[in-house]
$ cat model_24.csv   # CSV, C-alpha atoms
chain,number,residue,atom,x,y,z
A,214,MET,CA,18.5,-3.4,-9.8
A,215,PRO,CA,15.4,-1.4,-10.9
A,216,ALA,CA,15.2,-3.5,-14.1
A,217,ASN,CA,15.5,-6.7,-12.2
A,218,TRP,CA,12.8,-5.6,-9.8
A,219,MET,CA,10.5,-4.8,-12.8
A,220,ARG,CA,11.0,-8.3,-14.1
A,221,ARG,CA,10.4,-9.9,-10.7
A,222,SER,CA,7.3,-7.8,-10.1
A,223,PHE,CA,5.9,-8.6,-13.5
A,224,SER,CA,6.4,-12.3,-12.9
A,225,ALA,CA,4.8,-12.2,-9.5
A,226,ALA,CA,1.9,-10.0,-10.7
A,227,ALA,CA,1.2,-11.6,-14.1
A,228,CYS,CA,-1.8,-13.5,-12.9
A,229,ALA,CA,-3.1,-10.4,-11.2
A,230,SER,CA,-3.5,-8.6,-14.5
A,231,ALA,CA,-7.0,-8.8,-15.9
A,232,ALA,CA,-5.6,-9.2,-19.4
A,233,LEU,CA,-3.7,-12.3,-18.3
A,234,LEU,CA,-6.2,-14.0,-16.1
A,235,ALA,CA,-7.4,-16.4,-18.8
A,236,ALA,CA,-3.8,-17.5,-19.4
A,237,CYS,CA,-3.4,-18.1,-15.7
A,238,GLY,CA,-6.3,-20.4,-15.5
A,239,SER,CA,-8.9,-18.0,-14.0
A,240,SER,CA,-12.4,-17.9,-15.2
A,241,THR,CA,-13.4,-14.8,-17.2
A,242,VAL,CA,-16.9,-15.0,-15.8
A,243,GLU,CA,-17.5,-12.4,-13.1
A,244,SER,CA,-18.6,-13.8,-9.8
A,245,SER,CA,-21.5,-12.8,-7.7
A,246,PHE,CA,-19.6,-11.6,-4.7
A,247,THR,CA,-20.4,-8.1,-3.8
A,248,PRO,CA,-19.0,-6.9,-0.5
A,249,THR,CA,-21.4,-5.6,2.1
A,250,ARG,CA,-18.7,-4.2,4.3
A,251,PHE,CA,-15.2,-2.9,3.7
A,252,ILE,CA,-12.6,-3.3,6.5
A,253,ALA,CA,-9.1,-2.1,6.2
A,254,PHE,CA,-5.8,-2.4,8.1
A,255,GLY,CA,-2.5,-0.9,7.2
A,256,ASP,CA,-0.2,2.1,6.9
A,257,GLY,CA,-0.3,5.4,5.0
A,258,LEU,CA,-0.9,3.7,1.6
A,259,ALA,CA,-4.4,2.7,2.9
A,260,ASP,CA,-5.1,5.5,5.3
A,261,VAL,CA,-8.4,7.2,4.4
A,262,GLY,CA,-8.1,10.0,6.9
A,263,GLN,CA,-7.6,8.5,10.4
A,264,LYS,CA,-6.3,11.8,11.7
A,265,GLY,CA,-8.3,14.0,9.2
A,266,ALA,CA,-6.2,13.6,6.1
A,267,SER,CA,-4.8,11.0,3.8
A,268,TYR,CA,-1.3,10.6,2.5
A,269,THR,CA,-1.8,12.1,-0.9
A,270,VAL,CA,-3.4,15.4,-2.2
A,271,ASN,CA,-6.4,16.0,0.1
A,272,ASP,CA,-8.7,17.6,-2.5
A,273,GLY,CA,-12.1,16.1,-1.6
A,274,SER,CA,-11.9,13.5,-4.4
A,275,ILE,CA,-11.7,9.8,-4.1
A,276,ASN,CA,-8.0,10.0,-3.3
A,277,ASN,CA,-7.1,6.6,-1.9
A,278,TRP,CA,-7.1,3.2,-3.6
A,279,THR,CA,-9.3,1.6,-0.9
A,280,LEU,CA,-11.9,4.3,-1.4
A,281,GLN,CA,-11.8,3.7,-5.2
A,282,LEU,CA,-12.2,0.0,-4.7
A,283,ALA,CA,-15.1,0.4,-2.4
A,284,ALA,CA,-16.7,3.0,-4.7
A,285,SER,CA,-16.3,0.6,-7.6
A,286,TYR,CA,-18.5,-1.9,-5.8
A,287,GLY,CA,-21.0,0.9,-4.9
A,288,GLY,CA,-19.8,1.0,-1.3
A,289,THR,CA,-17.9,3.3,1.0
A,290,ILE,CA,-15.1,3.0,3.5
A,291,ALA,CA,-14.3,5.4,6.3
A,292,PRO,CA,-11.7,5.6,9.1
A,293,VAL,CA,-12.5,4.3,12.5
A,294,SER,CA,-12.1,7.8,13.9
A,295,LYS,CA,-15.2,8.8,11.9
A,296,GLY,CA,-17.2,5.7,12.7
A,297,GLY,CA,-16.0,3.5,9.8
A,298,LEU,CA,-14.0,0.3,9.6
A,299,SER,CA,-10.7,1.4,8.2
A,300,TYR,CA,-8.1,1.1,10.9
A,301,ALA,CA,-5.2,1.9,8.6
A,302,GLN,CA,-3.0,4.8,9.8
A,303,GLY,CA,-0.1,6.6,8.4
A,304,ASN,CA,3.4,5.6,9.5
A,305,ALA,CA,2.1,2.3,11.1
A,306,ARG,CA,4.5,-0.6,11.1
A,307,VAL,CA,3.3,-4.2,10.8
A,308,ALA,CA,4.2,-5.4,14.3
A,309,ILE,CA,6.8,-3.0,15.8
A,310,SER,CA,6.5,0.3,17.7
A,311,PRO,CA,7.3,3.1,17.5
A,312,ASP,CA,6.0,4.0,14.0
A,313,ALA,CA,8.1,5.2,11.1
A,314,ALA,CA,8.0,8.8,12.6
A,315,GLY,CA,8.9,7.7,16.1
A,316,ASP,CA,5.4,7.9,17.5
A,317,ALA,CA,4.7,5.0,19.9
A,318,SER,CA,1.0,5.8,20.1
A,319,THR,CA,0.3,4.7,16.5
A,320,PRO,CA,-1.2,1.3,16.5
A,321,THR,CA,0.7,-1.3,14.5
A,322,VAL,CA,-1.2,-3.4,12.0
A,323,ALA,CA,-1.3,-6.2,14.4
A,324,GLN,CA,-2.8,-3.9,17.0
A,325,GLN,CA,-5.3,-2.7,14.5
A,326,VAL,CA,-6.4,-6.3,13.9
A,327,ASP,CA,-6.6,-6.8,17.7
A,328,GLN,CA,-8.9,-3.8,18.0
A,329,PHE,CA,-11.2,-5.1,15.3
A,330,LEU,CA,-11.4,-8.6,16.6
A,331,ALA,CA,-12.0,-7.5,20.1
A,332,GLY,CA,-15.4,-5.9,19.2
A,333,GLN,CA,-16.4,-7.2,15.7
A,334,LYS,CA,-17.1,-10.5,13.9
A,335,LEU,CA,-16.4,-11.2,10.3
A,336,GLY,CA,-19.2,-12.1,8.0
A,337,ASP,CA,-19.5,-13.7,4.5
A,338,GLY,CA,-20.0,-10.3,2.9
A,339,ASP,CA,-16.9,-8.7,4.3
A,340,LEU,CA,-14.0,-7.6,2.1
A,341,VAL,CA,-10.9,-7.2,4.2
A,342,LEU,CA,-8.1,-5.0,2.9
A,343,LEU,CA,-4.7,-5.6,4.3
A,344,SER,CA,-2.0,-3.2,3.1
A,345,ALA,CA,1.4,-2.5,4.7
A,346,GLY,CA,5.1,-2.5,4.4
A,347,VAL,CA,5.9,1.1,3.4
A,348,SER,CA,6.5,2.3,6.9
A,349,ASP,CA,8.7,-0.7,7.8
A,350,ILE,CA,10.9,0.0,4.9
A,351,ILE,CA,11.2,3.7,5.9
A,352,ALA,CA,11.8,2.9,9.5
A,353,GLY,CA,14.5,0.3,8.7
A,354,MET,CA,16.4,2.7,6.4
A,355,ALA,CA,16.4,5.3,9.2
A,356,ALA,CA,18.0,2.8,11.5
A,357,VAL,CA,20.6,2.0,8.8
A,358,ARG,CA,21.4,5.6,8.4
A,359,ALA,CA,21.7,6.0,12.1
A,360,GLY,CA,24.1,3.1,12.3
A,361,THR,CA,21.9,0.8,14.4
A,362,LEU,CA,21.2,-1.7,11.6
A,363,THR,CA,23.5,-3.1,9.0
A,364,ALA,CA,22.4,-3.4,5.4
A,365,ASP,CA,22.0,-7.2,5.8
A,366,GLN,CA,20.0,-6.8,9.0
A,367,TYR,CA,17.8,-4.2,7.3
A,368,VAL,CA,16.9,-6.6,4.4
A,369,ALA,CA,16.4,-9.5,6.9
A,370,ALA,CA,14.1,-7.3,9.1
A,371,ALA,CA,12.1,-6.3,6.0
A,372,GLY,CA,11.5,-10.0,5.3
A,373,GLN,CA,10.4,-10.6,8.9
A,374,ALA,CA,7.9,-7.7,8.6
A,375,GLY,CA,6.5,-9.4,5.5
A,376,GLN,CA,6.0,-12.6,7.4
A,377,ALA,CA,4.4,-10.6,10.2
A,378,LEU,CA,1.9,-9.2,7.8
A,379,ALA,CA,1.1,-12.6,6.5
A,380,ALA,CA,0.5,-13.7,10.1
A,381,GLN,CA,-2.3,-11.0,10.3
A,382,ALA,CA,-3.9,-12.4,7.2
A,383,ARG,CA,-3.8,-15.8,8.8
A,384,ARG,CA,-5.4,-14.5,12.0
A,385,LEU,CA,-8.2,-12.9,10.0
A,386,SER,CA,-8.8,-16.0,7.9
A,387,ASN,CA,-8.9,-18.1,11.0
A,388,ALA,CA,-11.4,-15.6,12.5
A,389,GLY,CA,-13.8,-16.2,9.7
A,390,ALA,CA,-12.7,-13.8,6.9
A,391,LYS,CA,-13.5,-15.4,3.5
A,392,HIS,CA,-12.3,-12.5,1.3
A,393,ILE,CA,-9.0,-10.9,2.1
A,394,LEU,CA,-7.2,-8.7,-0.4
A,395,MET,CA,-3.6,-8.0,0.4
A,396,THR,CA,-0.8,-5.8,-0.9
A,397,GLY,CA,2.7,-5.3,0.3
A,398,THR,CA,5.0,-2.4,-0.3
A,399,TYR,CA,5.8,-0.9,-3.7
A,400,ASP,CA,9.5,-0.7,-4.7
A,401,LEU,CA,10.4,2.3,-2.6
A,402,SER,CA,13.7,2.5,-4.5
A,403,ARG,CA,11.7,4.1,-7.3
A,404,THR,CA,10.6,7.0,-5.1
A,405,PRO,CA,12.0,10.5,-4.9
A,406,TRP,CA,13.0,9.6,-1.3
A,407,ALA,CA,15.3,6.8,-2.3
A,408,LEU,CA,16.8,9.0,-5.1
A,409,ALA,CA,17.4,11.8,-2.7
A,410,ILE,CA,19.4,9.7,-0.2
A,411,ASN,CA,21.1,7.6,-2.9
A,412,GLN,CA,20.0,4.3,-1.4
A,413,GLN,CA,18.1,2.8,-4.3
A,414,SER,CA,19.8,-0.5,-4.4
A,415,LEU,CA,19.5,-1.3,-0.7
A,416,ILE,CA,15.9,0.0,-0.5
A,417,SER,CA,15.0,-2.2,-3.5
A,418,GLN,CA,16.5,-5.2,-1.8
A,419,ALA,CA,14.4,-4.5,1.4
A,420,SER,CA,11.2,-3.9,-0.6
A,421,LEU,CA,11.7,-7.2,-2.5
A,422,SER,CA,12.5,-9.0,0.8
A,423,PHE,CA,9.3,-7.8,2.4
A,424,ASN,CA,7.1,-8.8,-0.6
A,425,THR,CA,8.8,-12.2,-1.2
A,426,SER,CA,8.5,-13.2,2.4
A,427,LEU,CA,4.9,-12.1,2.5
A,428,LEU,CA,4.0,-14.1,-0.7
A,429,LYS,CA,5.8,-17.2,0.6
A,430,SER,CA,4.0,-17.0,3.9
A,431,ILE,CA,0.5,-16.7,2.4
A,432,SER,CA,1.0,-19.5,-0.2
A,433,ASP,CA,-1.3,-21.8,1.7
A,434,LEU,CA,-4.1,-19.3,2.1
A,435,SER,CA,-5.4,-19.2,-1.4
A,436,ARG,CA,-8.9,-20.1,-0.3
A,437,THR,CA,-9.4,-16.8,1.5
A,438,VAL,CA,-6.6,-14.5,0.4
A,439,ARG,CA,-5.8,-12.7,-2.9
A,440,TYR,CA,-2.7,-10.6,-3.5
A,441,VAL,CA,-2.6,-7.5,-5.8
A,442,ASP,CA,0.8,-6.3,-6.5
A,443,ALA,CA,1.2,-2.6,-5.8
A,444,ALA,CA,4.8,-2.8,-6.8
A,445,TYR,CA,4.0,-3.9,-10.3
A,446,TYR,CA,1.5,-1.1,-10.9
A,447,ILE,CA,3.4,1.8,-9.3
A,448,ASN,CA,6.6,0.6,-11.1
A,449,LEU,CA,4.6,1.1,-14.3
A,450,TYR,CA,3.3,4.5,-13.3
A,451,GLN,CA,6.8,5.7,-12.4
A,452,GLY,CA,8.7,4.0,-15.2
A,453,ASN,CA,6.2,4.8,-18.0
A,454,PRO,CA,4.3,7.8,-16.8
A,455,GLY,CA,3.0,8.8,-20.2
A,456,GLY,CA,1.3,5.5,-20.6
A,457,PHE,CA,-1.0,6.3,-17.6
A,458,GLY,CA,-1.7,9.9,-18.1
A,459,PHE,CA,1.2,11.3,-16.1
A,460,SER,CA,4.0,13.6,-17.3
A,461,ASP,CA,6.2,13.5,-14.2
A,462,GLY,CA,7.3,10.3,-12.4
A,463,VAL,CA,10.0,11.8,-10.2
A,464,THR,CA,8.9,15.1,-8.7
A,465,PRO,CA,6.6,15.5,-5.7
A,466,VAL,CA,3.7,17.7,-6.6
A,467,CYS,CA,3.1,18.9,-3.0
A,468,ASN,CA,5.1,21.6,-1.2
A,469,SER,CA,3.5,21.1,2.2
A,470,VAL,CA,6.7,20.9,4.3
A,471,ASP,CA,6.4,19.4,7.7
A,472,PRO,CA,8.8,20.8,10.3
A,473,GLY,CA,8.4,17.6,12.4
A,474,PRO,CA,9.1,14.0,11.7
A,475,GLY,CA,6.2,13.8,9.1
A,476,ILE,CA,6.3,10.6,7.0
A,477,GLY,CA,9.4,9.3,8.7
A,478,ILE,CA,12.1,10.4,6.2
A,479,GLY,CA,13.3,13.3,8.3
A,480,ALA,CA,12.2,16.7,9.6
A,481,GLY,CA,11.6,19.5,7.1
A,482,GLU,CA,10.3,17.2,4.4
A,483,VAL,CA,7.1,17.4,2.4
A,484,ASN,CA,4.3,15.5,4.1
A,485,SER,CA,1.3,14.8,1.8
A,486,ALA,CA,-1.0,14.4,4.8
A,487,LEU,CA,-0.7,18.2,5.0
A,488,CYS,CA,-1.2,18.7,1.2
A,489,THR,CA,-4.2,20.4,-0.3
A,490,PRO,CA,-4.8,22.0,-3.7
A,491,SER,CA,-3.4,25.2,-2.2
A,492,THR,CA,-0.1,23.6,-1.3
A,493,LEU,CA,1.0,22.3,-4.8
A,494,LEU,CA,3.9,23.4,-7.0
A,495,ALA,CA,3.0,26.6,-8.8
A,496,SER,CA,0.7,26.0,-11.8
A,497,ALA,CA,1.0,22.2,-11.4
A,498,ASP,CA,-1.7,19.9,-12.6
A,499,GLN,CA,-1.6,17.2,-9.8
A,500,ASN,CA,-3.2,14.7,-12.2
A,501,ARG,CA,0.0,14.7,-14.2
A,502,TYR,CA,2.2,13.7,-11.3
A,503,VAL,CA,2.8,10.2,-9.9
A,504,PHE,CA,4.1,11.4,-6.5
A,505,ALA,CA,2.4,13.6,-3.9
A,506,ASP,CA,5.5,13.7,-1.6
A,507,LYS,CA,8.7,11.7,-1.7
A,508,VAL,CA,7.0,8.5,-0.8
A,509,TYR,CA,3.2,8.5,-1.4
A,510,VAL,CA,1.4,8.9,-4.6
A,511,THR,CA,-1.2,11.3,-6.0
A,512,PRO,CA,-5.0,10.7,-6.1
A,513,SER,CA,-4.7,9.8,-9.8
A,514,ALA,CA,-2.2,7.0,-9.1
A,515,GLN,CA,-4.3,5.9,-6.1
A,516,ARG,CA,-7.5,5.7,-8.2
A,517,GLN,CA,-5.8,3.8,-11.0
A,518,PHE,CA,-4.4,1.2,-8.6
A,519,GLY,CA,-7.8,0.9,-6.9
A,520,ALA,CA,-9.5,0.4,-10.3
A,521,SER,CA,-7.0,-2.3,-11.1
A,522,ALA,CA,-7.6,-4.0,-7.8
A,523,TYR,CA,-11.3,-4.0,-8.5
A,524,THR,CA,-10.9,-5.5,-11.9
A,525,PHE,CA,-8.8,-8.2,-10.5
A,526,LEU,CA,-11.2,-9.0,-7.7
A,527,ARG,CA,-14.2,-9.2,-10.0
A,528,LEU,CA,-12.5,-12.0,-11.9
A,529,GLN,CA,-11.5,-13.8,-8.7
A,530,TRP,CA,-14.6,-14.0,-6.5
$ encode --input "model_24.csv" --output "C-alpha cells"
Amino acid sequence: MPANWMRRSFSAAACASAALLAACGSSTVESSFTPTRFIAFGDGLADVGQKGASYTVNDGSINNWTLQLAASYGGTIAPVSKGGLSYAQGNARVAISPDAAGDASTPTVAQQVDQFLAGQKLGDGDLVLLSAGVSDIIAGMAAVRAGTLTADQYVAAAGQAGQALAAQARRLSNAGAKHILMTGTYDLSRTPWALAINQQSLISQASLSFNTSLLKSISDLSRTVRYVDAAYYINLYQGNPGGFGFSDGVTPVCNSVDPGPGIGIGAGEVNSALCTPSTLLASADQNRYVFADKVYVTPSAQRQFGASAYTFLRLQW
C-alpha cells in the first residue's frame, strides 16, 4: 500500500512540482500577485499557536509551513488569539465535533470560516490557506478501535470529510476569495502513530479517500483554488530522509508526554504542542528528524513544505 500511495501521490502532485510546471502547461514567468493578507483555516498542521504553541518543536523559529509561506512573500501570519487571521487550531475536524481529542469547544474548520465571514470581507490581495484532514483521520481511527465504526465506514467518512473541506473552499470562493491554497492530509500510514498501532493499510486507505474526494470536489474551482500536495512532500521526507537533510524518518524527536488526550491518539503520548528544545531526545539534532511527535512534523519539514508551496504559487499566480 505505501508504494501504491507514493505512485498515486506523485501522479496527483506532478503539476505541483516546480520542476514539472512547464511540462504541465504552466507559464514559467512569475506572476505579479503578492498577498497583502494571509488568512488560514485548518487543524494542527496549520496551527501557528492558537493556544500558545504549534504542533511541532516550539523553538522560536519559523516552525510552521504557513509561517514559512508568508515569510517567503515578506509577510506574516498570526493566530486569531493574538490578533492575527489564522483560525487554524490543533485537533480541529473539518465539520464534526468534538475534535480529535474529544474537546467540543474546538471550532471545526467550517466554524472557523463562519467566524471569519461574520466579521471580515475578502479582498483581491488576500491569500487564503485551507489545510485540514489530519484530525479527521485520527478521530475516525479512534472510532474504529473503539468498535463504533467499521473499516469501510471509516474510509467512507474520510471521503465525506474531504468533500466537506472542499465545501469550505467553495464558500470562500463564493464570498470573494480569488486566491485559495489548499492541502489535505498527508498519508498518515507513514507516521510513527500508524506503525505503533499496526494500522498502516487502513489509515492509508482513509487518507487517500479524504484527498481523492477533496480533489474531485474542487475540480471546478480552478479559477480561484490551487492544491499543493502535502502527502507527496511528506512521503518524500519520510521515505527518503537523507535526500532532504534528515537522518531519521521514523522516530519522534520530542519526549513531551501529555497525560491527557493530547493529539487524539491516546493518553500518555507525546504531544508536540508541549515540545520545546528542552524536551527533545537526549543529544538529538531536531533538524535531522522528520517527526516531532507520532503525527506532526518538525520545523525543518514544515519549512521545506512551506518553501515548496511558495515556489508552486509563484508559478501559478
$ closest_residue --input "model_24.csv" --among "A:Asp400, A:Asp498, A:Asp316, A:Asp433" --to "Ala382 (chain A)" --atoms "only C-alpha atoms"
A:Asp433
$ closest_residue --input "model_24.csv" --among "A:Asp312, A:Glu482, A:Asp260, A:Asp272" --to "Gly297 (chain A)" --atoms "all atoms listed in the file"
A:Asp260
$ closest_residue --input "model_24.csv" --among "A:Thr269, A:Gln281, A:Ser460, A:Thr319" --to "Gln517 (chain A)" --atoms "all atoms listed in the file"
A:Gln281
$ residues_around --input "model_24.csv" --residues "Arg358 (chain A)" --least-positions-apart "6" --cutoff "12 Å" --atoms "all atoms listed in the file" --output "list in words"
Ile351, Ala352, Ala364, Tyr367, Ile410, Asn411, Gln412, Leu415, Ile416, Ile478 and Gly479 of chain A
$ closest_residue --input "model_24.csv" --among "A:Ser469, A:Leu342, A:Ser318, A:Val270" --to "Leu282 (chain A)" --atoms "only C-alpha atoms"
A:Leu342
$ residues_around --input "model_24.csv" --residues "Gln515 (chain A)" --least-positions-apart "6" --cutoff "12 Å" --atoms "all atoms listed in the file" --output "ChimeraX atom specification"
/A:257-261,267-270,274-282,443,446-447,450,457,500,502-505,509,521-522
$ atom_distance --input "model_24.csv" --atom1 "CA of Leu526 (chain A)" --atom2 "CA of Ala284 (chain A)"
13.5 Å
$ closest_residue --input "model_24.csv" --among "A:Arg383, A:Arg527, A:Arg501, A:Lys264" --to "Ala323 (chain A)" --atoms "only C-alpha atoms"
A:Arg383
$ residues_around --input "model_24.csv" --residues "Gln325 (chain A)" --least-positions-apart "3" --cutoff "10 Å" --atoms "only C-alpha atoms" --output "MDAnalysis selection string"
chainID A and resid 253:255 299:302 305 307:308 319:322 328:331 381
$ residues_around --input "model_24.csv" --residues "Leu421 (chain A)" --least-positions-apart "2" --cutoff "9 Å" --atoms "only C-alpha atoms" --output "list in words"
Trp218, Arg221, Ser222, Val368, Ala371, Gly372, Thr398, Tyr399, Asp400, Ile416, Ser417, Gln418, Ala419, Phe423, Asn424, Thr425 and Ser426 of chain A
$ write_last_selection --input "model_24.csv" --atoms "C-alpha atoms" --output "PDB file, keeping the file's coordinate frame"
ATOM      1  CA  TRP A 218      12.800  -5.600  -9.800  1.00  0.00           C
ATOM      2  CA  ARG A 221      10.400  -9.900 -10.700  1.00  0.00           C
ATOM      3  CA  SER A 222       7.300  -7.800 -10.100  1.00  0.00           C
ATOM      4  CA  VAL A 368      16.900  -6.600   4.400  1.00  0.00           C
ATOM      5  CA  ALA A 371      12.100  -6.300   6.000  1.00  0.00           C
ATOM      6  CA  GLY A 372      11.500 -10.000   5.300  1.00  0.00           C
ATOM      7  CA  THR A 398       5.000  -2.400  -0.300  1.00  0.00           C
ATOM      8  CA  TYR A 399       5.800  -0.900  -3.700  1.00  0.00           C
ATOM      9  CA  ASP A 400       9.500  -0.700  -4.700  1.00  0.00           C
ATOM     10  CA  ILE A 416      15.900   0.000  -0.500  1.00  0.00           C
ATOM     11  CA  SER A 417      15.000  -2.200  -3.500  1.00  0.00           C
ATOM     12  CA  GLN A 418      16.500  -5.200  -1.800  1.00  0.00           C
ATOM     13  CA  ALA A 419      14.400  -4.500   1.400  1.00  0.00           C
ATOM     14  CA  PHE A 423       9.300  -7.800   2.400  1.00  0.00           C
ATOM     15  CA  ASN A 424       7.100  -8.800  -0.600  1.00  0.00           C
ATOM     16  CA  THR A 425       8.800 -12.200  -1.200  1.00  0.00           C
ATOM     17  CA  SER A 426       8.500 -13.200   2.400  1.00  0.00           C
TER      18      SER A 426
END
$ atom_distance --input "model_24.csv" --atom1 "CA of Thr289 (chain A)" --atom2 "CA of Ala380 (chain A)"
26.7 Å
$ atom_distance --input "model_24.csv" --atom1 "CA of His392 (chain A)" --atom2 "CA of Gln263 (chain A)"
23.4 Å
$ closest_residue --input "model_24.csv" --among "A:Ser420, A:Asn387, A:Ser432, A:Ser491" --to "Ala444 (chain A)" --atoms "all atoms listed in the file"
A:Ser420
$ residues_near_point --input "model_24.csv" --point "(-18.9, -3.0, 6.8)" --cutoff "9 Å" --atoms "all atoms listed in the file" --output "short mmCIF file (atom, residue, chain, number, x, y, z; two decimals) with C-alpha atoms, in the coordinates of the input"
data_model
loop_
_atom_site.label_atom_id
_atom_site.label_comp_id
_atom_site.auth_asym_id
_atom_site.auth_seq_id
_atom_site.Cartn_x
_atom_site.Cartn_y
_atom_site.Cartn_z
CA PRO A 248 -19.00 -6.90 -0.50
CA THR A 249 -21.40 -5.60 2.10
CA ARG A 250 -18.70 -4.20 4.30
CA PHE A 251 -15.20 -2.90 3.70
CA ILE A 252 -12.60 -3.30 6.50
CA THR A 289 -17.90 3.30 1.00
CA ILE A 290 -15.10 3.00 3.50
CA GLY A 297 -16.00 3.50 9.80
CA LEU A 298 -14.00 0.30 9.60
CA GLY A 338 -20.00 -10.30 2.90
CA ASP A 339 -16.90 -8.70 4.30
CA LEU A 340 -14.00 -7.60 2.10
#
$ residues_around --input "model_24.csv" --residues "Pro474 (chain A)" --least-positions-apart "5" --cutoff "8 Å" --atoms "all atoms listed in the file" --output "list in words"
Ala314, Gly315, Gly479, Ala480 and Gly481 of chain A
$ build_atoms --input "model_24.csv" --residues "region 382-393 of chain A" --atoms "N, CA and C atoms" --output "JSON list (two decimals), in the coordinates of the input"
[["chain", "number", "residue", "atom", "x", "y", "z"],
["A", 382, "ALA", "N", -2.95, -11.84, 8.12],
["A", 382, "ALA", "CA", -3.90, -12.40, 7.20],
["A", 382, "ALA", "C", -4.39, -13.77, 7.69],
["A", 383, "ARG", "N", -3.48, -14.54, 8.25],
["A", 383, "ARG", "CA", -3.80, -15.80, 8.80],
["A", 383, "ARG", "C", -4.80, -15.69, 9.98],
["A", 384, "ARG", "N", -4.52, -14.74, 10.85],
["A", 384, "ARG", "CA", -5.40, -14.50, 12.00],
["A", 384, "ARG", "C", -6.83, -14.15, 11.51],
["A", 385, "LEU", "N", -6.91, -13.28, 10.52],
["A", 385, "LEU", "CA", -8.20, -12.90, 10.00],
["A", 385, "LEU", "C", -8.94, -14.00, 9.32],
["A", 386, "SER", "N", -8.19, -14.79, 8.57],
["A", 386, "SER", "CA", -8.80, -16.00, 7.90],
["A", 386, "SER", "C", -9.31, -16.94, 8.96],
["A", 387, "ASN", "N", -8.51, -17.20, 9.99],
["A", 387, "ASN", "CA", -8.90, -18.10, 11.00],
["A", 387, "ASN", "C", -10.14, -17.58, 11.83],
["A", 388, "ALA", "N", -10.28, -16.26, 11.84],
["A", 388, "ALA", "CA", -11.40, -15.60, 12.50],
["A", 388, "ALA", "C", -12.67, -15.59, 11.72],
["A", 389, "GLY", "N", -12.59, -16.07, 10.46],
["A", 389, "GLY", "CA", -13.80, -16.20, 9.70],
["A", 389, "GLY", "C", -13.82, -15.33, 8.40],
["A", 390, "ALA", "N", -12.76, -14.59, 8.12],
["A", 390, "ALA", "CA", -12.70, -13.80, 6.90],
["A", 390, "ALA", "C", -12.62, -14.72, 5.68],
["A", 391, "LYS", "N", -13.51, -14.54, 4.73],
["A", 391, "LYS", "CA", -13.50, -15.40, 3.50],
["A", 391, "LYS", "C", -12.95, -14.65, 2.31],
["A", 392, "HIS", "N", -12.82, -13.32, 2.41],
["A", 392, "HIS", "CA", -12.30, -12.50, 1.30],
["A", 392, "HIS", "C", -11.35, -11.49, 1.83],
["A", 393, "ILE", "N", -10.07, -11.77, 1.65],
["A", 393, "ILE", "CA", -9.00, -10.90, 2.10],
["A", 393, "ILE", "C", -8.18, -10.46, 0.90]]
